[in-house]
>>> print(open('my_file.csv').read())   # CSV, N, CA and C atoms
chain,number,residue,atom,x,y,z
A,406,MET,N,29.5,23.5,10.7
A,406,MET,CA,29.8,22.1,10.8
A,406,MET,C,30.0,21.5,9.4
A,407,ARG,N,29.1,21.9,8.4
A,407,ARG,CA,29.2,21.4,7.1
A,407,ARG,C,30.5,21.8,6.4
A,408,THR,N,31.0,23.0,6.6
A,408,THR,CA,32.3,23.4,6.1
A,408,THR,C,33.4,22.6,6.7
A,409,LYS,N,33.4,22.4,8.0
A,409,LYS,CA,34.4,21.6,8.6
A,409,LYS,C,34.4,20.1,8.1
A,410,PHE,N,33.2,19.6,7.8
A,410,PHE,CA,33.0,18.2,7.3
A,410,PHE,C,33.6,18.2,5.9
A,411,THR,N,33.3,19.1,5.1
A,411,THR,CA,33.8,19.2,3.7
A,411,THR,C,35.3,19.3,3.7
A,412,ALA,N,35.8,20.1,4.5
A,412,ALA,CA,37.3,20.3,4.6
A,412,ALA,C,37.9,19.0,5.1
A,413,THR,N,37.3,18.3,6.0
A,413,THR,CA,37.8,17.0,6.5
A,413,THR,C,37.9,16.0,5.4
A,414,LEU,N,36.8,15.9,4.6
A,414,LEU,CA,36.8,14.9,3.6
A,414,LEU,C,37.7,15.2,2.4
A,415,THR,N,38.0,16.5,2.2
A,415,THR,CA,38.9,16.8,1.1
A,415,THR,C,40.3,16.2,1.4
A,416,LEU,N,40.6,16.0,2.6
A,416,LEU,CA,41.9,15.4,3.0
A,416,LEU,C,42.0,14.0,2.7
A,417,LEU,N,41.0,13.3,2.2
A,417,LEU,CA,41.1,11.9,1.9
A,417,LEU,C,42.1,11.6,0.8
A,418,ALA,N,42.3,12.5,-0.1
A,418,ALA,CA,43.3,12.3,-1.2
A,418,ALA,C,44.7,12.6,-0.8
A,419,PHE,N,44.9,13.1,0.4
A,419,PHE,CA,46.3,13.4,0.8
A,419,PHE,C,46.8,12.7,2.0
A,420,CYS,N,48.1,12.5,2.1
A,420,CYS,CA,48.7,11.9,3.3
A,420,CYS,C,48.9,13.0,4.3
A,421,LEU,N,48.5,12.9,5.5
A,421,LEU,CA,48.7,13.9,6.5
A,421,LEU,C,50.0,13.7,7.2
A,422,THR,N,50.6,14.8,7.6
A,422,THR,CA,51.9,14.7,8.2
A,422,THR,C,51.8,14.8,9.8
A,423,ALA,N,50.6,14.9,10.3
A,423,ALA,CA,50.5,15.0,11.7
A,423,ALA,C,51.1,13.9,12.4
A,424,SER,N,51.7,14.1,13.6
A,424,SER,CA,52.4,13.1,14.3
A,424,SER,C,51.6,12.6,15.5
A,425,LEU,N,50.4,12.0,15.3
A,425,LEU,CA,49.6,11.5,16.4
A,425,LEU,C,50.0,10.0,16.5
A,426,ALA,N,49.8,9.5,17.7
A,426,ALA,CA,50.2,8.1,17.9
A,426,ALA,C,49.1,7.2,17.3
A,427,PHE,N,49.5,6.2,16.5
A,427,PHE,CA,48.5,5.3,15.9
A,427,PHE,C,48.8,3.9,16.5
A,428,ALA,N,47.7,3.2,16.8
A,428,ALA,CA,47.7,1.8,17.2
A,428,ALA,C,48.2,1.0,16.1
A,429,GLY,N,47.9,1.4,14.9
A,429,GLY,CA,48.4,0.6,13.7
A,429,GLY,C,47.5,0.7,12.6
A,430,VAL,N,48.0,0.2,11.4
A,430,VAL,CA,47.2,0.1,10.2
A,430,VAL,C,46.3,-1.2,10.3
A,431,MET,N,45.0,-1.0,10.1
A,431,MET,CA,44.1,-2.1,10.1
A,431,MET,C,43.7,-2.3,8.6
A,432,SER,N,43.7,-3.6,8.2
A,432,SER,CA,43.3,-3.9,6.8
A,432,SER,C,42.0,-4.6,6.8
A,433,PHE,N,41.1,-4.1,5.9
A,433,PHE,CA,39.8,-4.7,5.7
A,433,PHE,C,39.7,-5.1,4.3
A,434,PRO,N,38.7,-5.8,3.9
A,434,PRO,CA,38.6,-6.4,2.5
A,434,PRO,C,38.8,-5.3,1.4
A,435,LYS,N,38.3,-4.1,1.5
A,435,LYS,CA,38.4,-3.2,0.4
A,435,LYS,C,39.3,-2.0,0.7
A,436,PHE,N,39.8,-1.8,1.9
A,436,PHE,CA,40.6,-0.7,2.2
A,436,PHE,C,41.4,-1.0,3.5
A,437,LYS,N,42.4,-0.1,3.7
A,437,LYS,CA,43.1,-0.1,5.0
A,437,LYS,C,43.1,1.3,5.6
A,438,VAL,N,43.3,1.4,6.9
A,438,VAL,CA,43.2,2.7,7.5
A,438,VAL,C,44.0,2.7,8.8
A,439,ASN,N,44.6,3.8,9.2
A,439,ASN,CA,45.3,3.9,10.5
A,439,ASN,C,44.2,4.1,11.6
A,440,VAL,N,44.3,3.3,12.6
A,440,VAL,CA,43.4,3.4,13.8
A,440,VAL,C,44.3,3.9,14.9
A,441,PRO,N,44.0,5.1,15.4
A,441,PRO,CA,44.8,5.7,16.5
A,441,PRO,C,44.6,5.0,17.8
A,442,ASP,N,45.6,5.2,18.7
A,442,ASP,CA,45.4,4.8,20.1
A,442,ASP,C,44.1,5.4,20.6
A,443,GLY,N,43.4,4.7,21.4
A,443,GLY,CA,42.2,5.3,21.9
A,443,GLY,C,40.9,5.1,21.0
A,444,TRP,N,41.1,4.4,19.9
A,444,TRP,CA,40.0,4.1,19.0
A,444,TRP,C,39.9,2.6,18.8
A,445,GLU,N,38.7,2.2,18.5
A,445,GLU,CA,38.5,0.8,18.2
A,445,GLU,C,37.8,0.6,16.9
A,446,ALA,N,38.0,-0.5,16.2
A,446,ALA,CA,37.4,-0.7,14.9
A,446,ALA,C,36.7,-2.0,14.9
A,447,SER,N,35.5,-2.1,14.3
A,447,SER,CA,34.7,-3.3,14.1
A,447,SER,C,34.1,-3.3,12.7
A,448,GLN,N,33.8,-4.5,12.3
A,448,GLN,CA,33.2,-4.6,10.9
A,448,GLN,C,31.9,-5.4,11.0
A,449,GLU,N,30.9,-4.9,10.3
A,449,GLU,CA,29.6,-5.5,10.1
A,449,GLU,C,29.3,-5.5,8.6
A,450,GLY,N,29.5,-6.7,7.9
A,450,GLY,CA,29.3,-6.7,6.5
A,450,GLY,C,30.3,-5.8,5.8
A,451,PRO,N,29.8,-4.9,4.9
A,451,PRO,CA,30.7,-4.1,4.2
A,451,PRO,C,31.1,-2.8,5.0
A,452,THR,N,30.5,-2.6,6.1
A,452,THR,CA,30.7,-1.4,6.9
A,452,THR,C,31.7,-1.6,8.0
A,453,VAL,N,32.7,-0.7,8.1
A,453,VAL,CA,33.7,-0.7,9.2
A,453,VAL,C,33.3,0.6,10.1
A,454,ILE,N,33.3,0.4,11.4
A,454,ILE,CA,33.0,1.5,12.3
A,454,ILE,C,34.2,1.7,13.2
A,455,LEU,N,34.7,2.9,13.1
A,455,LEU,CA,35.8,3.3,14.0
A,455,LEU,C,35.2,4.2,15.1
A,456,ALA,N,35.4,3.9,16.3
A,456,ALA,CA,34.8,4.7,17.4
A,456,ALA,C,35.9,5.1,18.4
A,457,ALA,N,35.8,6.3,18.9
A,457,ALA,CA,36.7,6.8,19.9
A,457,ALA,C,36.3,6.1,21.2
A,458,ASN,N,37.2,5.7,22.0
A,458,ASN,CA,36.9,5.0,23.3
A,458,ASN,C,36.2,6.0,24.2
A,459,ASP,N,36.5,7.3,24.1
A,459,ASP,CA,35.8,8.3,25.0
A,459,ASP,C,34.4,8.7,24.5
A,460,LYS,N,34.0,8.0,23.4
A,460,LYS,CA,32.6,8.2,22.8
A,460,LYS,C,32.4,9.6,22.3
A,461,SER,N,33.5,10.3,22.0
A,461,SER,CA,33.4,11.7,21.4
A,461,SER,C,33.0,11.7,19.9
A,462,ALA,N,33.4,10.6,19.2
A,462,ALA,CA,33.2,10.6,17.8
A,462,ALA,C,33.2,9.1,17.2
A,463,SER,N,32.7,9.0,16.0
A,463,SER,CA,32.8,7.7,15.3
A,463,SER,C,32.8,8.0,13.8
A,464,ILE,N,33.4,7.1,13.1
A,464,ILE,CA,33.4,7.1,11.6
A,464,ILE,C,32.9,5.8,11.1
A,465,SER,N,32.0,5.8,10.2
A,465,SER,CA,31.5,4.6,9.5
A,465,SER,C,31.9,4.7,8.1
A,466,ILE,N,32.6,3.6,7.6
A,466,ILE,CA,33.1,3.6,6.2
A,466,ILE,C,32.5,2.3,5.6
A,467,THR,N,31.8,2.6,4.5
A,467,THR,CA,31.2,1.5,3.7
A,467,THR,C,31.6,1.6,2.3
A,468,ILE,N,32.2,0.5,1.8
A,468,ILE,CA,32.5,0.4,0.3
A,468,ILE,C,31.8,-0.8,-0.2
A,469,ALA,N,30.9,-0.6,-1.1
A,469,ALA,CA,30.1,-1.8,-1.7
A,469,ALA,C,29.8,-1.4,-3.1
A,470,GLU,N,29.2,-2.4,-3.8
A,470,GLU,CA,28.9,-2.3,-5.2
A,470,GLU,C,27.6,-1.4,-5.3
A,471,THR,N,27.6,-0.6,-6.4
A,471,THR,CA,26.4,0.2,-6.6
A,471,THR,C,25.2,-0.6,-7.2
A,472,GLU,N,25.5,-1.8,-7.7
A,472,GLU,CA,24.5,-2.6,-8.3
A,472,GLU,C,23.7,-1.9,-9.4
A,473,GLY,N,24.5,-1.0,-10.1
A,473,GLY,CA,23.9,-0.3,-11.3
A,473,GLY,C,23.1,0.9,-11.0
A,474,MET,N,23.0,1.3,-9.7
A,474,MET,CA,22.2,2.5,-9.3
A,474,MET,C,23.1,3.7,-9.6
A,475,ALA,N,22.4,4.8,-10.0
A,475,ALA,CA,23.1,6.1,-10.1
A,475,ALA,C,23.4,6.7,-8.7
A,476,ILE,N,24.4,7.5,-8.7
A,476,ILE,CA,24.8,8.1,-7.4
A,476,ILE,C,23.7,8.9,-6.7
A,477,LYS,N,23.0,9.6,-7.5
A,477,LYS,CA,21.9,10.5,-6.9
A,477,LYS,C,20.8,9.6,-6.3
A,478,ASP,N,20.5,8.5,-7.0
A,478,ASP,CA,19.5,7.5,-6.4
A,478,ASP,C,20.0,6.9,-5.2
A,479,LEU,N,21.3,6.5,-5.1
A,479,LEU,CA,21.9,5.9,-3.9
A,479,LEU,C,21.8,6.9,-2.8
A,480,ALA,N,22.2,8.2,-3.1
A,480,ALA,CA,22.2,9.2,-2.0
A,480,ALA,C,20.7,9.4,-1.5
A,481,MET,N,19.8,9.4,-2.4
A,481,MET,CA,18.4,9.6,-1.9
A,481,MET,C,17.9,8.4,-1.1
A,482,GLY,N,18.3,7.2,-1.5
A,482,GLY,CA,17.9,6.0,-0.8
A,482,GLY,C,18.5,6.0,0.6
A,483,PHE,N,19.8,6.3,0.7
A,483,PHE,CA,20.5,6.3,2.1
A,483,PHE,C,19.9,7.4,2.9
A,484,SER,N,19.7,8.6,2.4
A,484,SER,CA,19.1,9.7,3.1
A,484,SER,C,17.7,9.3,3.6
A,485,GLN,N,16.9,8.8,2.8
A,485,GLN,CA,15.5,8.4,3.2
A,485,GLN,C,15.5,7.3,4.3
A,486,ALA,N,16.4,6.3,4.1
A,486,ALA,CA,16.5,5.2,5.0
A,486,ALA,C,16.9,5.7,6.4
A,487,LEU,N,17.7,6.8,6.5
A,487,LEU,CA,18.2,7.3,7.7
A,487,LEU,C,17.4,8.6,8.2
A,488,SER,N,16.3,8.8,7.5
A,488,SER,CA,15.5,10.0,7.8
A,488,SER,C,16.3,11.3,7.8
A,489,GLY,N,17.1,11.4,6.7
A,489,GLY,CA,18.1,12.5,6.6
A,489,GLY,C,17.6,13.6,5.8
A,490,SER,N,18.5,14.6,5.7
A,490,SER,CA,18.2,15.8,4.9
A,490,SER,C,18.2,15.5,3.4
A,491,GLU,N,17.8,16.4,2.6
A,491,GLU,CA,17.9,16.3,1.1
A,491,GLU,C,19.3,16.2,0.7
A,492,PRO,N,19.8,15.2,0.0
A,492,PRO,CA,21.2,15.1,-0.4
A,492,PRO,C,21.5,16.3,-1.3
A,493,GLN,N,22.7,16.9,-1.1
A,493,GLN,CA,23.2,18.0,-1.8
A,493,GLN,C,24.5,17.6,-2.6
A,494,ALA,N,24.6,18.0,-3.8
A,494,ALA,CA,25.7,17.7,-4.6
A,494,ALA,C,27.0,18.4,-4.0
A,495,ASP,N,28.1,17.6,-3.9
A,495,ASP,CA,29.3,18.2,-3.4
A,495,ASP,C,30.3,18.3,-4.5
A,496,THR,N,30.6,19.5,-5.0
A,496,THR,CA,31.4,19.7,-6.2
A,496,THR,C,32.8,19.2,-6.0
A,497,GLU,N,33.4,19.3,-4.7
A,497,GLU,CA,34.7,18.9,-4.5
A,497,GLU,C,34.9,17.4,-4.7
A,498,SER,N,34.0,16.6,-4.2
A,498,SER,CA,34.2,15.1,-4.3
A,498,SER,C,33.4,14.5,-5.5
A,499,GLY,N,32.5,15.3,-6.1
A,499,GLY,CA,31.7,14.7,-7.1
A,499,GLY,C,30.6,13.8,-6.6
A,500,GLY,N,30.4,13.9,-5.3
A,500,GLY,CA,29.4,13.0,-4.6
A,500,GLY,C,28.2,13.8,-4.1
A,501,TYR,N,27.6,13.3,-3.0
A,501,TYR,CA,26.5,13.9,-2.4
A,501,TYR,C,26.7,13.9,-0.9
A,502,GLN,N,26.2,15.0,-0.2
A,502,GLN,CA,26.3,15.1,1.2
A,502,GLN,C,24.9,15.2,1.8
A,503,PHE,N,24.7,14.6,3.0
A,503,PHE,CA,23.4,14.8,3.7
A,503,PHE,C,23.7,14.7,5.2
A,504,THR,N,22.8,15.1,6.0
A,504,THR,CA,22.9,14.9,7.4
A,504,THR,C,21.7,14.1,7.9
A,505,PHE,N,21.9,13.5,9.1
A,505,PHE,CA,20.7,12.8,9.7
A,505,PHE,C,21.0,12.8,11.2
A,506,LYS,N,19.9,12.6,12.0
A,506,LYS,CA,19.9,12.6,13.4
A,506,LYS,C,19.4,11.3,14.0
A,507,LYS,N,20.0,10.8,15.0
A,507,LYS,CA,19.5,9.7,15.8
A,507,LYS,C,19.4,10.3,17.2
A,508,GLY,N,18.2,10.5,17.7
A,508,GLY,CA,18.0,11.2,18.9
A,508,GLY,C,18.5,12.6,18.8
A,509,ALA,N,19.4,13.1,19.7
A,509,ALA,CA,20.0,14.4,19.6
A,509,ALA,C,21.3,14.4,18.9
A,510,VAL,N,21.8,13.3,18.4
A,510,VAL,CA,23.1,13.2,17.8
A,510,VAL,C,23.0,13.3,16.3
A,511,GLU,N,23.7,14.3,15.7
A,511,GLU,CA,23.7,14.6,14.3
A,511,GLU,C,24.9,14.0,13.7
A,512,SER,N,24.7,13.4,12.5
A,512,SER,CA,25.8,12.8,11.7
A,512,SER,C,25.9,13.5,10.3
A,513,ASP,N,27.1,13.5,9.8
A,513,ASP,CA,27.3,14.0,8.4
A,513,ASP,C,27.7,12.9,7.5
A,514,ALA,N,27.1,12.8,6.4
A,514,ALA,CA,27.4,11.7,5.4
A,514,ALA,C,27.8,12.2,4.1
A,515,LEU,N,28.8,11.5,3.5
A,515,LEU,CA,29.2,11.8,2.1
A,515,LEU,C,29.2,10.5,1.3
A,516,LEU,N,28.6,10.6,0.2
A,516,LEU,CA,28.5,9.4,-0.7
A,516,LEU,C,29.3,9.7,-2.0
A,517,THR,N,30.2,8.9,-2.4
A,517,THR,CA,30.9,9.1,-3.7
A,517,THR,C,30.9,7.7,-4.4
A,518,VAL,N,31.1,7.8,-5.7
A,518,VAL,CA,31.1,6.5,-6.5
A,518,VAL,C,32.4,6.6,-7.4
A,519,GLU,N,33.0,5.4,-7.4
A,519,GLU,CA,34.2,5.2,-8.3
A,519,GLU,C,34.0,3.9,-8.9
A,520,GLY,N,33.9,3.9,-10.3
A,520,GLY,CA,33.7,2.6,-11.0
A,520,GLY,C,32.4,2.0,-10.5
A,521,LYS,N,32.4,0.7,-10.1
A,521,LYS,CA,31.2,0.0,-9.7
A,521,LYS,C,30.9,0.1,-8.2
A,522,ASN,N,31.8,0.8,-7.5
A,522,ASN,CA,31.7,0.8,-6.0
A,522,ASN,C,31.3,2.2,-5.5
A,523,TYR,N,30.5,2.2,-4.5
A,523,TYR,CA,30.3,3.5,-3.8
A,523,TYR,C,31.1,3.5,-2.5
A,524,LEU,N,31.4,4.7,-2.0
A,524,LEU,CA,32.0,4.9,-0.7
A,524,LEU,C,31.0,5.8,0.1
A,525,LEU,N,30.6,5.3,1.2
A,525,LEU,CA,29.7,6.1,2.1
A,525,LEU,C,30.5,6.3,3.4
A,526,LEU,N,30.8,7.6,3.7
A,526,LEU,CA,31.4,8.0,4.9
A,526,LEU,C,30.4,8.7,5.8
A,527,VAL,N,30.4,8.3,7.1
A,527,VAL,CA,29.5,8.9,8.0
A,527,VAL,C,30.4,9.3,9.2
A,528,VAL,N,30.4,10.6,9.5
A,528,VAL,CA,31.1,11.1,10.7
A,528,VAL,C,30.1,11.7,11.7
A,529,THR,N,30.3,11.2,12.9
A,529,THR,CA,29.5,11.6,14.1
A,529,THR,C,30.4,12.1,15.2
A,530,GLY,N,30.0,13.3,15.7
A,530,GLY,CA,30.8,13.9,16.8
A,530,GLY,C,32.1,14.6,16.3
A,531,GLU,N,32.9,15.0,17.2
A,531,GLU,CA,34.1,15.7,16.9
A,531,GLU,C,35.3,15.2,17.7
A,532,ASN,N,36.4,15.0,17.0
A,532,ASN,CA,37.6,14.5,17.7
A,532,ASN,C,38.8,15.0,16.8
A,533,PRO,N,39.9,15.4,17.4
A,533,PRO,CA,41.0,15.9,16.6
A,533,PRO,C,41.6,14.9,15.7
A,534,GLN,N,41.4,13.6,15.9
A,534,GLN,CA,42.0,12.6,15.1
A,534,GLN,C,41.2,12.2,13.9
A,535,ILE,N,40.0,12.7,13.7
A,535,ILE,CA,39.1,12.4,12.6
A,535,ILE,C,39.8,12.7,11.3
A,536,GLN,N,40.4,13.8,11.1
A,536,GLN,CA,41.1,14.2,9.9
A,536,GLN,C,42.2,13.3,9.6
A,537,ASN,N,43.0,12.9,10.6
A,537,ASN,CA,44.1,12.0,10.3
A,537,ASN,C,43.6,10.6,9.9
A,538,ILE,N,42.5,10.1,10.5
A,538,ILE,CA,42.0,8.8,10.2
A,538,ILE,C,41.5,8.8,8.7
A,539,LEU,N,40.7,9.8,8.4
A,539,LEU,CA,40.2,9.9,7.0
A,539,LEU,C,41.3,10.1,6.0
A,540,GLY,N,42.4,10.8,6.4
A,540,GLY,CA,43.5,11.0,5.5
A,540,GLY,C,44.3,9.8,5.3
A,541,SER,N,44.2,8.8,6.2
A,541,SER,CA,45.0,7.6,6.0
A,541,SER,C,44.2,6.5,5.3
A,542,LEU,N,43.0,6.7,5.0
A,542,LEU,CA,42.1,5.8,4.3
A,542,LEU,C,42.7,5.5,2.9
A,543,GLU,N,42.9,4.2,2.6
A,543,GLU,CA,43.5,3.9,1.3
A,543,GLU,C,42.8,2.6,0.8
A,544,GLU,N,42.2,2.8,-0.4
A,544,GLU,CA,41.5,1.7,-1.0
A,544,GLU,C,42.5,0.7,-1.5
A,545,LYS,N,42.1,-0.6,-1.5
A,545,LYS,CA,43.0,-1.6,-2.0
A,545,LYS,C,42.8,-1.8,-3.5
>>> encode(input="my_file.csv", output="structure tokens")
Amino acid sequence: MRTKFTATLTLLAFCLTASLAFAGVMSFPKFKVNVPDGWEASQEGPTVILAANDKSASISITIAETEGMAIKDLAMGFSQALSGSEPQADTESGGYQFTFKKGAVESDALLTVEGKNYLLLVVTGENPQIQNILGSLEEK
């Protein structure tokens, strides 16, 4: 699962050429993303949650200021708050990965920092459209 998650997140830097039907591009304060048919998006503060209507998967995207915290400290804080695993350095992204569970459902998280902002991606479940959604993510 971790290899699949890492490969999925590597695609963030590239435009995918898959021809899946998209409901359209949705714009949020810090980024825009393609939301496919059969998925819904909602926003709570700095966090946008994309969820498959069939409940097979969800993606949580948070972009917010680091408030001067180091990436390792942010990763530890998020992991501890979610009762997650020990954050591991991710050499491909320069960030940290960790997993956490809510009940029997496991989620994979990736935290990266660029400038004064962090990006926290959380992927729960599996769905063939996850890679395409992540690949369409474009910061403003």
>>> closest_atom_pairs(input="my_file.csv", of="range 440-500 of chain A", to="range 511-514 of chain A", cutoff="12 Å", atoms="only C-alpha atoms", output="Markdown table")
| residue | atom | partner | partner_atom | distance |
| --- | --- | --- | --- | --- |
| A:Ala462 | CA | A:Ser512 | CA | 9.8 |
| A:Ser463 | CA | A:Ser512 | CA | 9.4 |
| A:Ile464 | CA | A:Ser512 | CA | 9.5 |
| A:Ser465 | CA | A:Ala514 | CA | 9.2 |
| A:Ile466 | CA | A:Ala514 | CA | 9.9 |
| A:Thr467 | CA | A:Ala514 | CA | 11.0 |
| A:Ala480 | CA | A:Ala514 | CA | 9.4 |
| A:Met481 | CA | A:Ala514 | CA | 11.8 |
| A:Phe483 | CA | A:Ala514 | CA | 9.4 |
| A:Ser484 | CA | A:Ala514 | CA | 8.8 |
| A:Leu487 | CA | A:Ser512 | CA | 10.2 |
| A:Ser488 | CA | A:Ser512 | CA | 11.4 |
| A:Gly489 | CA | A:Ser512 | CA | 9.2 |
| A:Ser490 | CA | A:Asp513 | CA | 9.9 |
| A:Glu491 | CA | A:Ala514 | CA | 11.4 |
| A:Pro492 | CA | A:Ala514 | CA | 9.1 |
| A:Gln493 | CA | A:Ala514 | CA | 10.4 |
| A:Ala494 | CA | A:Ala514 | CA | 11.8 |
| A:Asp495 | CA | A:Ala514 | CA | 11.1 |
| A:Gly500 | CA | A:Ala514 | CA | 10.3 |
>>> select_by_dssp(input="my_file.csv", residues="range 417-499 of chain A", states="strand (DSSP E)", output="number ranges by chain")
A: 427-432, 436-441, 444-449, 452-457, 462-470, 493-495
>>> atom_distance(input="my_file.csv", atom1="CA of Asn537 in chain A", atom2="CA of Thr471 in chain A")
27.2 Å
>>> closest_residue(input="my_file.csv", among="A:Met431, A:Leu542, A:Ala457, A:Ala469", to="Tyr523 in chain A", atoms="only N, CA and C atoms")
A:Ala469
>>> residues_around(input="my_file.csv", residues="Lys460 in chain A", least_positions_apart="3", cutoff="10 Å", atoms="only C-alpha atoms", output="PyMOL selection string")
chain A and resi 444+456-457+463+529-532
>>> closest_residue(input="my_file.csv", among="A:Ala486, A:Leu455, A:Leu479, A:Ile538", to="Val518 in chain A", atoms="only C-alpha atoms")
A:Leu479
>>> atom_distance(input="my_file.csv", atom1="CA of Ser447 in chain A", atom2="atom N of Asp459 in chain A")
14.7 Å
>>> atom_distance(input="my_file.csv", atom1="atom C of Phe503 in chain A", atom2="atom C of Val438 in chain A")
23.9 Å
>>> closest_residue(input="my_file.csv", among="A:Thr517, A:Ser461, A:Asn439, A:Gln534", to="Gln502 in chain A", atoms="only N, CA and C atoms")
A:Thr517
>>> select_by_dssp(input="my_file.csv", residues="range 434-530 of chain A", states="helix (DSSP H, G or I)", output="ChimeraX atom specification")
/A:476-486
>>> closest_residue(input="my_file.csv", among="A:Val440, A:Glu470, A:Val528, A:Lys507", to="Asn458 in chain A", atoms="only C-alpha atoms")
A:Val440
>>> axis_aligned_box(input="my_file.csv", around="range 482-495 of chain A", padding_each_side="3 Å", output="JSON")
{"center_x": 22.9, "center_y": 11.8, "center_z": 1.8, "size_x": 20.8, "size_y": 19.2, "size_z": 18.8}
>>> residues_near_point(input="my_file.csv", point="(40.4, -0.6, 4.1)", cutoff="7 Å", atoms="all atoms listed in the file", output="PDB file with N, CA and C atoms, in the coordinates of the input")
ATOM      1  N   MET A 431      45.000  -1.000  10.100  1.00  0.00           N
ATOM      2  CA  MET A 431      44.100  -2.100  10.100  1.00  0.00           C
ATOM      3  C   MET A 431      43.700  -2.300   8.600  1.00  0.00           C
ATOM      4  N   SER A 432      43.700  -3.600   8.200  1.00  0.00           N
ATOM      5  CA  SER A 432      43.300  -3.900   6.800  1.00  0.00           C
ATOM      6  C   SER A 432      42.000  -4.600   6.800  1.00  0.00           C
ATOM      7  N   PHE A 433      41.100  -4.100   5.900  1.00  0.00           N
ATOM      8  CA  PHE A 433      39.800  -4.700   5.700  1.00  0.00           C
ATOM      9  C   PHE A 433      39.700  -5.100   4.300  1.00  0.00           C
ATOM     10  N   PRO A 434      38.700  -5.800   3.900  1.00  0.00           N
ATOM     11  CA  PRO A 434      38.600  -6.400   2.500  1.00  0.00           C
ATOM     12  C   PRO A 434      38.800  -5.300   1.400  1.00  0.00           C
ATOM     13  N   LYS A 435      38.300  -4.100   1.500  1.00  0.00           N
ATOM     14  CA  LYS A 435      38.400  -3.200   0.400  1.00  0.00           C
ATOM     15  C   LYS A 435      39.300  -2.000   0.700  1.00  0.00           C
ATOM     16  N   PHE A 436      39.800  -1.800   1.900  1.00  0.00           N
ATOM     17  CA  PHE A 436      40.600  -0.700   2.200  1.00  0.00           C
ATOM     18  C   PHE A 436      41.400  -1.000   3.500  1.00  0.00           C
ATOM     19  N   LYS A 437      42.400  -0.100   3.700  1.00  0.00           N
ATOM     20  CA  LYS A 437      43.100  -0.100   5.000  1.00  0.00           C
ATOM     21  C   LYS A 437      43.100   1.300   5.600  1.00  0.00           C
ATOM     22  N   VAL A 438      43.300   1.400   6.900  1.00  0.00           N
ATOM     23  CA  VAL A 438      43.200   2.700   7.500  1.00  0.00           C
ATOM     24  C   VAL A 438      44.000   2.700   8.800  1.00  0.00           C
ATOM     25  N   LEU A 542      43.000   6.700   5.000  1.00  0.00           N
ATOM     26  CA  LEU A 542      42.100   5.800   4.300  1.00  0.00           C
ATOM     27  C   LEU A 542      42.700   5.500   2.900  1.00  0.00           C
ATOM     28  N   GLU A 543      42.900   4.200   2.600  1.00  0.00           N
ATOM     29  CA  GLU A 543      43.500   3.900   1.300  1.00  0.00           C
ATOM     30  C   GLU A 543      42.800   2.600   0.800  1.00  0.00           C
ATOM     31  N   GLU A 544      42.200   2.800  -0.400  1.00  0.00           N
ATOM     32  CA  GLU A 544      41.500   1.700  -1.000  1.00  0.00           C
ATOM     33  C   GLU A 544      42.500   0.700  -1.500  1.00  0.00           C
ATOM     34  N   LYS A 545      42.100  -0.600  -1.500  1.00  0.00           N
ATOM     35  CA  LYS A 545      43.000  -1.600  -2.000  1.00  0.00           C
ATOM     36  C   LYS A 545      42.800  -1.800  -3.500  1.00  0.00           C
TER      37      LYS A 545
END
